[in-house]
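K.L.:
Just one file: target-v6.cif, with mmCIF, C-alpha atoms.
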data_my_file
#
loop_
_atom_site.label_atom_id
_atom_site.label_comp_id
_atom_site.auth_asym_id
_atom_site.auth_seq_id
_atom_site.Cartn_x
_atom_site.Cartn_y
_atom_site.Cartn_z
CA MET R 1 86.75 91.58 113.49
CA GLN R 2 84.56 90.02 116.15
CA GLN R 3 86.03 86.62 115.38
CA PHE R 4 89.47 88.22 115.39
CA LEU R 5 89.00 89.25 119.00
CA SER R 6 86.98 86.34 120.31
CA GLY R 7 88.65 83.26 118.82
CA SER R 8 90.42 81.20 121.48
CA TYR R 9 93.17 80.31 119.01
CA LEU R 10 93.73 83.97 118.36
CA ALA R 11 93.66 84.74 122.05
CA VAL R 12 96.61 82.38 122.47
CA CYS R 13 98.35 84.08 119.53
CA MET R 14 97.74 87.51 121.04
CA ARG R 15 98.97 86.43 124.46
CA SER R 16 102.11 84.99 122.85
CA THR R 17 102.69 88.19 120.91
CA VAL R 18 102.25 90.37 123.98
CA LEU R 19 104.64 88.10 125.88
CA LEU R 20 107.13 88.33 123.02
CA LEU R 21 106.84 92.12 123.12
CA LEU R 22 107.31 92.31 126.87
CA VAL R 23 110.28 89.94 127.02
CA PHE R 24 112.24 90.69 123.88
CA VAL R 25 111.13 93.87 122.13
CA LEU R 26 110.20 96.51 124.67
CA PRO R 27 113.33 96.18 126.83
CA LYS R 28 115.43 96.57 123.70
CA ALA R 29 113.28 99.42 122.45
CA PHE R 30 114.02 101.28 125.67
CA PHE R 31 117.66 101.47 124.62
CA ALA R 32 116.90 102.70 121.11
CA GLN R 33 119.02 105.56 119.82
CA LYS R 34 116.21 107.09 117.78
CA VAL R 35 112.49 106.44 117.38
CA PHE R 36 110.62 107.05 114.13
CA LEU R 37 106.92 107.05 113.36
CA GLU R 38 106.37 105.68 109.87
CA PRO R 39 103.08 105.91 107.99
CA PHE R 40 103.08 103.94 104.77
CA GLY R 41 100.77 102.87 102.00
CA GLY R 42 100.85 100.75 98.91
CA TYR R 43 99.34 98.11 96.72
CA GLN R 44 99.12 94.35 97.13
CA ILE R 45 98.71 91.44 94.78
CA ASP R 46 97.98 87.93 95.99
CA ILE R 47 100.08 84.88 95.15
CA ASN R 48 97.25 82.52 96.17
CA ASN R 49 94.41 84.21 94.22
CA SER R 50 95.35 85.67 90.88
CA LYS R 51 92.60 88.30 90.70
CA THR R 52 92.81 89.57 94.29
CA ARG R 53 94.12 93.12 94.72
CA LEU R 54 94.27 95.21 97.88
CA VAL R 55 95.17 98.76 98.80
CA ASN R 56 97.45 98.73 101.76
CA SER R 57 97.95 101.24 104.57
CA GLY R 58 99.78 101.05 107.86
CA LEU R 59 101.69 102.66 110.62
CA GLN R 60 104.86 101.46 112.30
CA LEU R 61 107.21 102.53 115.04
CA ALA R 62 110.89 102.08 114.28
CA PHE R 63 113.37 101.85 117.14
CA VAL R 64 116.82 102.58 115.70
CA PHE R 65 119.87 101.22 117.47
CA LYS R 66 123.50 102.20 117.57
CA LYS R 67 125.14 102.99 114.22
CA GLN R 68 121.70 102.69 112.64
CA LYS R 69 122.38 99.18 111.33
CA TYR R 70 119.48 97.51 113.07
CA GLU R 71 115.93 98.57 113.87
CA ILE R 72 112.97 96.95 115.64
CA LEU R 73 109.57 97.62 114.08
CA LEU R 74 106.09 97.49 115.58
CA GLN R 75 103.60 97.52 112.74
CA VAL R 76 99.83 97.83 112.41
CA GLN R 77 98.50 97.27 108.90
CA ARG R 78 95.09 97.42 107.20
CA SER R 79 94.49 96.19 103.68
CA TRP R 80 91.42 97.51 101.90
CA PRO R 81 89.56 95.37 99.36
CA GLN R 82 89.46 95.80 95.61
CA SER R 83 86.56 93.81 94.22
CA ALA R 84 87.29 90.94 91.85
CA ARG R 85 84.52 89.66 89.60
CA TYR R 86 83.90 86.01 88.73
CA THR R 87 81.00 84.00 87.38
CA ASP R 88 79.51 80.88 88.92
CA SER R 89 76.77 78.60 87.57
CA ALA R 90 73.21 78.39 88.88
CA PHE R 91 70.55 75.83 87.93
CA THR R 92 66.85 75.23 88.35
CA VAL R 93 64.58 72.20 88.15
CA ASN R 94 61.64 74.40 87.10
CA PRO R 95 60.89 73.23 83.52
CA ASN R 96 59.40 76.63 82.66
CA LEU R 97 62.76 78.34 83.09
CA PRO R 98 66.09 77.88 81.32
CA LEU R 99 68.11 75.17 83.09
CA TYR R 100 71.17 77.36 83.58
CA THR R 101 71.92 80.97 84.42
CA ALA R 102 75.17 82.73 85.12
CA ALA R 103 75.64 83.94 88.69
CA PRO R 104 78.06 86.90 88.77
CA LYS R 105 80.14 86.84 91.93
CA THR R 106 82.20 89.55 93.60
CA LEU R 107 85.01 88.62 95.98
CA SER R 108 86.49 91.30 98.23
CA ALA R 109 89.42 90.38 100.45
CA SER R 110 90.56 92.57 103.32
CA SER R 111 92.86 92.12 106.29
CA PHE R 112 94.05 93.63 109.54
CA SER R 113 97.37 92.68 111.05
CA PHE R 114 99.77 93.43 113.84
CA ALA R 115 103.41 92.42 113.58
CA VAL R 116 106.82 92.76 115.17
CA GLY R 117 109.73 93.00 112.79
CA HIS R 118 113.39 93.58 112.18
CA ARG R 119 115.04 95.98 109.74
CA ILE R 120 118.68 95.18 109.04
CA LYS R 121 120.89 97.37 106.88
CA ILE R 122 122.73 95.43 104.19
CA ALA R 123 124.17 98.25 102.04
CA GLY R 124 124.84 101.98 102.11
CA ARG R 125 126.26 102.42 105.58
CA LYS R 126 128.08 105.67 104.84
CA THR R 127 125.67 107.29 102.40
CA ASN R 128 122.13 108.66 102.54
CA ASN R 129 120.90 105.83 100.34
CA SER R 130 120.57 102.51 102.11
CA PHE R 131 119.18 99.05 101.51
CA PHE R 132 117.59 96.90 104.19
CA VAL R 133 116.12 93.46 104.61
CA LYS R 134 113.01 93.20 106.75
CA ALA R 135 111.34 90.28 108.50
CA PHE R 136 108.09 90.25 110.46
CA THR R 137 106.10 87.84 112.59
CA GLY R 138 102.56 88.71 113.55
CA ILE R 139 98.90 87.94 113.67
CA THR R 140 96.45 88.73 110.92
CA ASP R 141 92.71 88.60 110.46
CA GLN R 142 91.56 88.11 106.88
CA LYS R 143 88.03 88.41 105.58
CA THR R 144 86.91 87.51 102.08
CA THR R 145 83.42 88.81 101.43
CA VAL R 146 81.34 87.05 98.79
CA ALA R 147 78.39 88.71 97.05
CA TYR R 148 76.23 87.11 94.36
CA GLN R 149 73.83 88.72 91.93
CA TYR R 150 71.35 86.32 90.37
CA ASP R 151 67.72 85.20 90.50
CA LYS R 152 67.82 83.74 94.01
CA SER R 153 64.14 82.82 94.09
CA ASN R 154 64.36 80.45 91.12
CA TYR R 155 67.97 79.33 90.80
CA ILE R 156 70.45 77.50 93.04
CA ILE R 157 74.20 78.05 92.73
CA LEU R 158 76.46 75.06 92.23
CA ASN R 159 79.36 74.97 94.72
CA PRO R 160 78.66 78.45 96.11
CA ASP R 161 81.30 80.46 97.91
CA GLN R 162 80.59 81.93 101.32
CA THR R 163 82.05 84.88 103.20
CA ILE R 164 84.94 83.61 105.27
CA GLU R 165 86.87 85.25 108.09
CA HIS R 166 90.06 83.62 109.29
CA ALA R 167 92.75 84.68 111.75
CA GLY R 168 96.18 83.25 112.36
CA ILE R 169 99.90 83.78 112.64
CA TYR R 170 101.86 84.91 109.61
CA VAL R 171 105.42 85.75 108.64
CA SER R 172 106.68 88.16 106.02
CA GLY R 173 109.90 89.47 104.65
CA GLY R 174 111.25 91.77 102.00
CA PHE R 175 113.69 94.34 100.75
CA GLU R 176 113.66 98.07 101.30
CA TYR R 177 115.33 101.12 99.83
CA MET R 178 115.66 104.12 102.15
CA ARG R 179 116.65 107.72 101.49
CA LYS R 180 117.83 109.59 104.55
CA PHE R 181 117.12 113.32 105.13
CA ALA R 182 118.07 115.59 108.02
CA HIS R 183 115.29 114.51 110.41
CA SER R 184 113.24 112.14 108.34
CA ARG R 185 113.48 109.26 105.87
CA PHE R 186 111.69 108.07 102.77
CA PHE R 187 111.42 104.38 102.01
CA ALA R 188 110.08 102.03 99.35
CA GLU R 189 109.77 98.30 99.92
CA LEU R 190 108.80 95.01 98.36
CA ASN R 191 107.41 92.59 100.90
CA PHE R 192 106.25 88.96 100.67
CA SER R 193 103.80 87.58 103.25
CA SER R 194 102.62 84.10 104.05
CA PRO R 195 98.90 83.39 104.44
CA PRO R 196 97.71 83.10 108.04
CA SER R 197 98.24 79.73 109.67
CA GLY R 198 95.38 77.23 109.46
CA THR R 199 93.00 76.28 106.70
CA ILE R 200 89.57 77.33 105.50
CA LYS R 201 86.94 74.89 106.78
CA TYR R 202 84.82 75.17 103.67
CA SER R 203 85.21 74.05 100.07
CA ALA R 204 85.75 77.61 98.82
CA SER R 205 87.01 78.46 95.35
CA PHE R 206 89.51 80.89 96.85
CA ASN R 207 92.44 80.54 99.22
CA LEU R 208 93.73 82.57 102.14
CA VAL R 209 95.51 85.68 100.93
CA ALA R 210 99.31 85.63 100.66
CA PRO R 211 100.05 89.22 99.68
CA VAL R 212 103.01 90.66 97.85
CA SER R 213 103.15 94.32 98.83
CA PHE R 214 104.77 97.33 97.24
CA ASN R 215 104.77 100.11 99.82
CA VAL R 216 106.16 103.60 100.10
CA GLY R 217 106.41 105.43 103.41
CA TYR R 218 107.90 108.27 105.33
CA SER R 219 109.79 108.24 108.62
CA ILE R 220 109.17 111.05 111.05
CA GLN R 221 111.66 111.26 113.88
CA LEU R 222 110.00 111.33 117.29
CA SER R 223 112.96 111.31 119.68
CA LYS R 224 116.70 111.23 119.78
CA ARG R 225 118.76 110.08 122.77
CA MET T 226 88.90 57.97 132.85
CA TYR T 227 91.53 56.32 130.67
CA LEU T 228 89.31 53.24 130.29
CA VAL T 229 86.48 55.45 129.02
CA VAL T 230 88.80 57.09 126.47
CA ILE T 231 90.12 53.70 125.35
CA PHE T 232 86.57 52.33 125.12
CA CYS T 233 85.46 55.30 122.97
CA PHE T 234 88.54 54.84 120.80
CA VAL T 235 87.75 51.15 120.29
CA VAL T 236 84.07 51.83 119.55
CA ASN T 237 84.78 54.63 117.12
CA GLY T 238 88.23 53.54 116.03
CA CYS T 239 89.00 54.28 112.42
CA GLU T 240 85.39 55.30 111.72
CA LYS T 241 85.42 58.08 109.17
CA ASN T 242 82.64 60.51 108.41
CA ARG T 243 82.16 60.65 104.64
CA THR T 244 79.41 63.28 104.80
CA HIS T 245 80.30 66.96 104.63
CA TYR T 246 77.26 69.09 105.37
CA TYR T 247 77.80 72.74 104.44
CA PRO T 248 74.68 74.82 105.27
CA ASP T 249 73.23 76.88 102.45
CA LYS T 250 73.39 80.53 103.58
CA GLU T 251 70.70 81.54 101.05
CA ILE T 252 68.21 78.86 102.10
CA PRO T 253 68.68 77.95 105.79
CA GLY T 254 67.76 74.35 106.52
CA VAL T 255 69.44 72.60 103.60
CA SER T 256 73.00 71.97 102.48
CA ILE T 257 74.66 73.76 99.58
CA PHE T 258 74.22 72.41 96.06
CA SER T 259 77.56 70.78 95.26
CA ASN T 260 79.17 68.17 93.03
CA THR T 261 82.21 67.41 95.15
CA SER T 262 81.03 64.14 96.75
CA ASN T 263 79.83 65.63 100.02
CA ASN T 264 77.59 62.55 100.41
CA VAL T 265 74.45 64.34 101.47
CA PHE T 266 70.92 64.87 100.19
CA SER T 267 68.78 67.58 101.77
CA CYS T 268 65.43 69.16 101.04
CA PHE T 269 62.27 70.53 102.62
CA ILE T 270 59.26 68.26 103.01
CA ASN T 271 56.16 70.37 103.51
CA GLY T 272 58.48 73.16 104.60
CA GLN T 273 60.36 71.05 107.16
CA PRO T 274 64.06 70.36 106.59
CA TRP T 275 65.01 66.77 105.82
CA LYS T 276 68.45 65.29 105.23
CA THR T 277 70.10 61.95 104.74
CA ILE T 278 71.90 60.03 107.43
CA ALA T 279 75.60 60.77 107.86
CA SER T 280 77.62 58.35 105.78
CA THR T 281 80.43 56.70 107.74
CA SER T 282 83.00 54.07 106.96
CA ALA T 283 83.33 51.12 109.34
CA GLY T 284 85.13 51.33 112.68
CA PHE T 285 86.38 48.46 114.85
CA ILE T 286 82.87 47.40 115.84
CA SER T 287 80.68 49.84 113.91
CA SER T 288 79.45 49.03 110.43
CA THR T 289 79.56 51.15 107.32
CA ILE T 290 76.60 53.46 106.79
CA TYR T 291 75.64 54.84 103.41
CA GLU T 292 73.25 57.68 102.74
CA VAL T 293 72.23 56.43 99.31
CA ALA T 294 71.64 53.05 97.71
CA ILE T 295 70.82 51.90 94.18
CA TYR T 296 68.55 48.93 93.48
CA LEU T 297 68.02 47.21 90.13
CA HIS T 298 64.77 45.27 90.22
CA ARG T 299 64.60 42.48 87.68
CA SER T 300 61.07 41.48 86.75
CA SER T 301 59.09 39.56 84.12
CA ALA T 302 57.69 42.83 82.75
CA LEU T 303 58.96 44.42 79.55
CA MET T 304 61.18 46.79 81.52
CA ASP T 305 63.18 46.44 84.72
CA THR T 306 63.35 49.31 87.19
CA LEU T 307 66.21 51.19 88.78
CA SER T 308 65.72 52.95 92.10
CA ILE T 309 67.96 55.55 93.70
CA VAL T 310 67.10 55.65 97.41
CA TRP T 311 68.26 58.36 99.81
CA LEU T 312 68.13 57.13 103.40
CA GLY T 313 66.95 59.62 105.99
CA ASP T 314 68.58 60.60 109.24
CA GLY T 315 65.78 58.87 111.17
CA TYR T 316 62.17 59.77 110.48
CA GLN T 317 62.72 63.46 111.31
CA LYS T 318 59.66 65.72 111.60
CA ASN T 319 57.86 64.41 108.53
CA ASN T 320 57.79 60.65 109.20
CA VAL T 321 59.77 60.03 106.01
CA ALA T 322 62.56 57.47 106.34
CA SER T 323 63.73 57.55 102.74
CA ILE T 324 63.10 59.33 99.44
CA SER T 325 63.49 57.47 96.18
CA LEU T 326 63.44 57.94 92.44
CA THR T 327 62.47 54.94 90.34
CA LEU T 328 63.12 54.83 86.60
CA PRO T 329 62.20 52.11 84.07
CA VAL T 330 65.26 50.61 82.37
CA ALA T 331 65.83 48.13 79.58
CA LYS T 332 66.44 44.45 80.33
CA ASN T 333 70.08 44.69 79.26
CA PHE T 334 70.54 47.92 81.19
CA ASN T 335 74.08 48.91 82.13
CA LEU T 336 74.80 51.52 84.83
CA LYS T 337 77.23 53.25 82.49
CA ALA T 338 74.22 54.17 80.35
CA LEU T 339 73.08 56.56 83.10
CA SER T 340 75.83 58.94 81.98
CA ALA T 341 73.46 59.95 79.20
CA LEU T 342 71.40 61.75 81.84
CA GLN T 343 74.27 64.00 82.89
CA GLY T 344 73.36 67.65 82.38
CA LYS T 345 69.73 66.71 81.71
CA ARG T 346 66.58 67.89 83.46
CA LEU T 347 63.83 65.28 83.57
CA ILE T 348 60.13 65.71 84.14
CA ILE T 349 59.02 62.65 86.12
CA ASP T 350 55.29 62.18 85.56
CA SER T 351 54.59 58.69 86.99
CA THR T 352 54.60 57.10 83.53
CA ASN T 353 58.34 57.48 82.91
CA GLY T 354 59.25 56.90 86.56
CA PHE T 355 58.15 58.14 89.94
CA PHE T 356 59.27 59.64 93.20
CA ALA T 357 58.36 58.07 96.53
CA ALA T 358 58.66 59.16 100.13
CA ASN T 359 58.80 55.98 102.15
CA ASN T 360 58.03 55.48 105.81
CA GLY T 361 60.65 52.77 105.95
CA TYR T 362 63.92 52.12 104.21
CA TYR T 363 63.25 50.98 100.68
CA GLY T 364 62.70 47.25 100.30
CA THR T 365 61.36 46.85 103.82
CA THR T 366 58.41 49.18 104.18
CA ASN T 367 57.48 50.98 101.01
CA THR T 368 53.93 52.19 101.29
CA SER T 369 54.36 55.53 99.54
CA PRO T 370 52.11 56.56 96.69
CA ARG T 371 53.85 57.40 93.42
CA GLY T 372 54.75 61.05 93.03
CA LYS T 373 55.59 63.45 90.22
CA GLY T 374 58.33 66.00 89.99
CA ASN T 375 61.45 67.25 88.30
CA ILE T 376 65.07 66.25 88.65
CA TYR T 377 68.28 67.70 87.25
CA PHE T 378 71.40 65.56 87.10
CA ASN T 379 74.44 67.82 87.19
CA THR T 380 76.64 64.75 87.51
CA ILE T 381 75.78 61.10 86.93
CA GLN T 382 78.70 58.89 86.08
CA PHE T 383 79.38 55.21 86.66
CA ASP T 384 82.37 53.14 85.77
CA SER T 385 83.23 49.54 86.49
CA THR T 386 86.31 47.60 87.39
CA ALA T 387 86.18 43.91 86.56
CA ALA T 388 86.79 42.71 90.10
CA ASN T 389 85.01 45.28 92.22
CA GLY T 390 81.86 46.28 90.35
CA TYR T 391 80.58 49.80 89.77
CA TYR T 392 81.74 53.10 91.19
CA GLY T 393 80.05 56.38 90.46
CA LYS T 394 78.82 59.73 91.61
CA ILE T 395 75.62 61.64 91.26
CA SER T 396 74.67 65.23 92.01
CA GLY T 397 71.76 67.44 91.16
CA LEU T 398 68.53 69.10 92.15
CA MET T 399 65.00 67.78 92.57
CA GLU T 400 61.49 68.73 93.59
CA ALA T 401 58.44 66.49 93.82
CA THR T 402 54.88 66.15 94.95
CA ILE T 403 53.98 62.82 96.50
CA ASP T 404 50.38 62.66 97.67
CA LEU T 405 50.21 65.19 100.52
CA LEU T 406 53.97 65.69 100.66
CA THR T 407 55.67 68.49 98.75
CA ILE T 408 59.43 68.19 98.42
CA THR T 409 61.22 71.45 97.57
CA SER T 410 64.81 72.69 97.29
CA GLY T 411 66.13 69.12 97.05
CA ARG T 412 69.84 68.83 96.29
CA PHE T 413 72.04 65.73 96.31
CA ASP T 414 75.75 65.05 96.01
CA ASP T 415 76.78 61.41 96.50
CA SER T 416 79.66 59.11 95.71
CA ILE T 417 78.61 55.51 95.14
CA GLY T 418 80.55 52.28 95.51
CA PRO T 419 79.70 48.67 94.66
CA GLU T 420 78.42 48.01 98.21
CA GLN T 421 75.66 50.55 97.60
CA ILE T 422 74.42 48.86 94.43
CA THR T 423 72.08 45.88 94.66
CA GLY T 424 70.75 43.76 91.81
CA TYR T 425 73.86 43.61 89.65
#
Can you turn what I pasted into structure tokens?

P.N.:
Amino acid sequence: MQQFLSGSYLAVCMRSTVLLLLVFVLPKAFFAQKVFLEPFGGYQIDINNSKTRLVNSGLQLAFVFKKQKYEILLQVQRSWPQSARYTDSAFTVNPNLPLYTAAPKTLSASSFSFAVGHRIKIAGRKTNNSFFVKAFTGITDQKTTVAYQYDKSNYIILNPDQTIEHAGIYVSGGFEYMRKFAHSRFFAELNFSSPPSGTIKYSASFNLVAPVSFNVGYSIQLSKR
Amino acid sequence: MYLVVIFCFVVNGCEKNRTHYYPDKEIPGVSIFSNTSNNVFSCFINGQPWKTIASTSAGFISSTIYEVAIYLHRSSALMDTLSIVWLGDGYQKNNVASISLTLPVAKNFNLKALSALQGKRLIIDSTNGFFAANNGYYGTTNTSPRGKGNIYFNTIQFDSTAANGYYGKISGLMEATIDLLTITSGRFDDSIGPEQITGY
């Protein structure tokens, strides 16, 4: 998180995002017909790392415009790690010990992101059941924590992984089903995200996370003009 | 200002760093143990970190630098000797300019035969080879006593092309005692081209 806030690259990203908000989003949001607060949660798998799983939670503000065909979304999202177990190899030159030992490894990926998005209705204009497409652009900070359990005093791991934190810009998009009630809405979505921009500067065995999310959420109406 | 930039460009032009030094988080002071041709050897000598010189390919006016060299010494004795020499990044704190492993080899020795050592851990006891910590680059100033130790070759492979000679890579772990010097936590990961092999 410290790197997330202190990196100069990220500072540029954050300034750009704030500028984007000020110029394009907030003026539009002022003219929104309705505003919804939308907590959501779900589960994520990772296209780039087959064993990575995350539990996802987030909160977004939805600014609904005339005829409810288009909405602007401001989203904050936190993905919580689910540990994935692997095994690396460790060796020793001590002739009194076996040459090789297994080194169990646990990888835990987590992320924090902020994004601005669009929700566009594509079906169900005159019913309570609607379908939307969504697209987001934002900044994300990912951290993959690496923990080893082995005899560290006698063995040395071959090609060890190291905990890596990386921040960058990302885009995402997906489909959403929404059920409308009197003053609230329920939604379920499938969302595909890119990994953050940039590359890992280490020869790690894992890649930056590119999550596929299945989320469910609830819209609570805050205001109506 | 522009002249300075152009001068730096000319001096360093096209020079490429072949060494990738990734610090070992478990043992600060040495690189990770790898077999991905990071072109680095690092260790502790009497507790002080020691590493090889950064390997770079030639620029416009700079020459190629290698961190490791292999020498085959022909002699009139029953066996010839093969030395793997890691060249230090200067003398560093321990006055050691290079560390070497010397092994006896048959007269008709072929570098491809070294592949037999892959995955093997050897006890070097001065009769079947020796370690040395030299105060000069090998072949110029080698005054080191012969040392004992252990070495593990995770990778050791050589192949030849008819026109260009041998290419190979080596990686592994080592520890040694050479007179008053104790080498610990040694790990090496090198790619080797024909320019680094002498005596063939």

K.L.:
Report, in Å with one decimal, the straight-line distance from atom CA of T:Pro329 to atom CA of T:Tyr296.

P.N.:
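Rounded to one decimal, the two atoms are 11.8 Å apart.
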
K.L.:
Do you know which residues the PyMOL selection byres ((chain T) within 12 of (chain R)) returns on this file, as a PDB file with C-alpha atoms, keeping the file's coordinate frame?

P.N.:
ATOM      1  CA  HIS T 245      80.300  66.960 104.630  1.00  0.00           C
ATOM      2  CA  TYR T 246      77.260  69.090 105.370  1.00  0.00           C
ATOM      3  CA  TYR T 247      77.800  72.740 104.440  1.00  0.00           C
ATOM      4  CA  PRO T 248      74.680  74.820 105.270  1.00  0.00           C
ATOM      5  CA  ASP T 249      73.230  76.880 102.450  1.00  0.00           C
ATOM      6  CA  LYS T 250      73.390  80.530 103.580  1.00  0.00           C
ATOM      7  CA  GLU T 251      70.700  81.540 101.050  1.00  0.00           C
ATOM      8  CA  ILE T 252      68.210  78.860 102.100  1.00  0.00           C
ATOM      9  CA  VAL T 255      69.440  72.600 103.600  1.00  0.00           C
ATOM     10  CA  SER T 256      73.000  71.970 102.480  1.00  0.00           C
ATOM     11  CA  ILE T 257      74.660  73.760  99.580  1.00  0.00           C
ATOM     12  CA  PHE T 258      74.220  72.410  96.060  1.00  0.00           C
ATOM     13  CA  SER T 259      77.560  70.780  95.260  1.00  0.00           C
ATOM     14  CA  ASN T 260      79.170  68.170  93.030  1.00  0.00           C
ATOM     15  CA  THR T 261      82.210  67.410  95.150  1.00  0.00           C
ATOM     16  CA  SER T 262      81.030  64.140  96.750  1.00  0.00           C
ATOM     17  CA  ASN T 263      79.830  65.630 100.020  1.00  0.00           C
ATOM     18  CA  GLY T 344      73.360  67.650  82.380  1.00  0.00           C
ATOM     19  CA  LYS T 345      69.730  66.710  81.710  1.00  0.00           C
ATOM     20  CA  ARG T 346      66.580  67.890  83.460  1.00  0.00           C
ATOM     21  CA  LEU T 347      63.830  65.280  83.570  1.00  0.00           C
ATOM     22  CA  ILE T 348      60.130  65.710  84.140  1.00  0.00           C
ATOM     23  CA  ILE T 349      59.020  62.650  86.120  1.00  0.00           C
ATOM     24  CA  GLY T 374      58.330  66.000  89.990  1.00  0.00           C
ATOM     25  CA  ASN T 375      61.450  67.250  88.300  1.00  0.00           C
ATOM     26  CA  ILE T 376      65.070  66.250  88.650  1.00  0.00           C
ATOM     27  CA  TYR T 377      68.280  67.700  87.250  1.00  0.00           C
ATOM     28  CA  PHE T 378      71.400  65.560  87.100  1.00  0.00           C
ATOM     29  CA  ASN T 379      74.440  67.820  87.190  1.00  0.00           C
ATOM     30  CA  THR T 380      76.640  64.750  87.510  1.00  0.00           C
ATOM     31  CA  SER T 396      74.670  65.230  92.010  1.00  0.00           C
ATOM     32  CA  GLY T 397      71.760  67.440  91.160  1.00  0.00           C
ATOM     33  CA  LEU T 398      68.530  69.100  92.150  1.00  0.00           C
ATOM     34  CA  MET T 399      65.000  67.780  92.570  1.00  0.00           C
ATOM     35  CA  GLU T 400      61.490  68.730  93.590  1.00  0.00           C
ATOM     36  CA  ALA T 401      58.440  66.490  93.820  1.00  0.00           C
ATOM     37  CA  THR T 409      61.220  71.450  97.570  1.00  0.00           C
ATOM     38  CA  SER T 410      64.810  72.690  97.290  1.00  0.00           C
ATOM     39  CA  GLY T 411      66.130  69.120  97.050  1.00  0.00           C
ATOM     40  CA  ARG T 412      69.840  68.830  96.290  1.00  0.00           C
ATOM     41  CA  PHE T 413      72.040  65.730  96.310  1.00  0.00           C
ATOM     42  CA  ASP T 414      75.750  65.050  96.010  1.00  0.00           C
TER      43      ASP T 414
END

K.L.:
Which residue gives the smallest distance to T:Ser369 among T:Thr306, T:Gln343, T:Asn353, T:Asn320, with only C-alpha atoms counted?

P.N.:
T:Asn320

K.L.:
Please indicate the distance in Å from atom CA of R:Gly168 to atom CA of R:Glu71, rounded to one decimal place.

P.N.:
25.0 Å

K.L.:
Let me make sure I understand: among T:Ile290, T:Ala279, T:Leu303, T:Ile270, which one has the smallest atom-to-atom distance to T:Asn333 if we use all atoms listed in the file?

P.N.:
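Checking each candidate against T:Asn333, we get T:Leu303 as the closest.
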
K.L.:
Got a sec: who's within 7 Å of R:Ile120, counting only C-alpha atoms, leaving out chain neighbours fewer than 5 positions off, as a VMD selection string?

P.N.:
chain R and resid 69 to 71 132 to 134

K.L.:
Just how far from atom CA of R:Ser184 is atom CA of R:Gly217, in Å to one decimal?

P.N.:
10.8 Å

K.L.:
Which residues, written as a ChimeraX atom specification, have at least one atom at most 12 Å from R:Thr199, with all atoms listed in the file counted and residues fewer than 2 positions away on the same chain left out?

P.N.:
/R:142,164-169,195-197,201-204,206-209

K.L.:
Can you turn the PyMOL selection byres ((chain T and resi 391) around 9) into a concrete residue list for this file, as a list in words?

P.N.:
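Checking the PyMOL selection byres ((chain T and resi 391) around 9) against this file, the residues are Leu336, Lys337, Phe383, Asp384, Ser385, Thr386, Ala387, Asn389, Gly390, Tyr392, Gly393, Ile417, Gly418, Pro419, Glu420 and Ile422 of chain T.
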
K.L.:
On this structure, the PyMOL selection byres ((chain T and resi 404) around 8) would catch which residues? List them as a PyMOL selection string, sorted by chain and number.

P.N.:
chain T and resi 370-372+402-403+405-407

K.L.:
Counting all atoms listed in the file, which residues have an atom no more than 12 Å from (95.6, 96.3, 99.2) in the file's coordinates? Please list them as a PyMOL selection string.

P.N.:
chain R and resi 41-46+52-58+77-83+108-112+142+209-215

K.L.:
Excluding T:Asn264 and any residue of its chain fewer than 3 positions from it, enumerate the residues within 7 Å of it, using all atoms listed in the file, and give them as a compact mmCIF listing (two decimals) with C-alpha atoms, keeping the file's coordinate frame.

P.N.:
# COMPACT_ATOMS: atom_id res chain seq x y z
CA ARG T 243 82.16 60.65 104.64
CA THR T 244 79.41 63.28 104.80
CA HIS T 245 80.30 66.96 104.63
CA SER T 280 77.62 58.35 105.78
CA GLU T 292 73.25 57.68 102.74
CA ASP T 414 75.75 65.05 96.01
CA ASP T 415 76.78 61.41 96.50
CA SER T 416 79.66 59.11 95.71

K.L.:
For T:Asn359, which of T:Leu312, T:Ala338, T:Ile395, T:Lys318 is the closest residue, counting only C-alpha atoms?

P.N.:
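Using only C-alpha atoms, the shortest distance to T:Asn359 belongs to T:Leu312.
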
K.L.:
Once you count all atoms listed in the file, which residues end up no further than 6 Å from (83.7, 58.0, 109.7) in the file's frame, shown as JSON, numbers by chain?

P.N.:
{"T": [240, 241, 242, 243, 281, 282]}

K.L.:
If we count only C-alpha atoms and set the cut-off at 10 Å, which residues sit around R:Phe175, ignoring sequence neighbours fewer than 5 positions away in its own chain? Please answer as an MDAnalysis selection string.

P.N.:
chainID R and resid 119:122 131:135 188:192

K.L.:
Rank R:Ala123, R:Glu38, R:Gln75, R:Phe187 by their smallest atom-to-atom distance to R:Ile139, using all atoms listed in the file, and report the top residue only.

P.N.:
R:Gln75
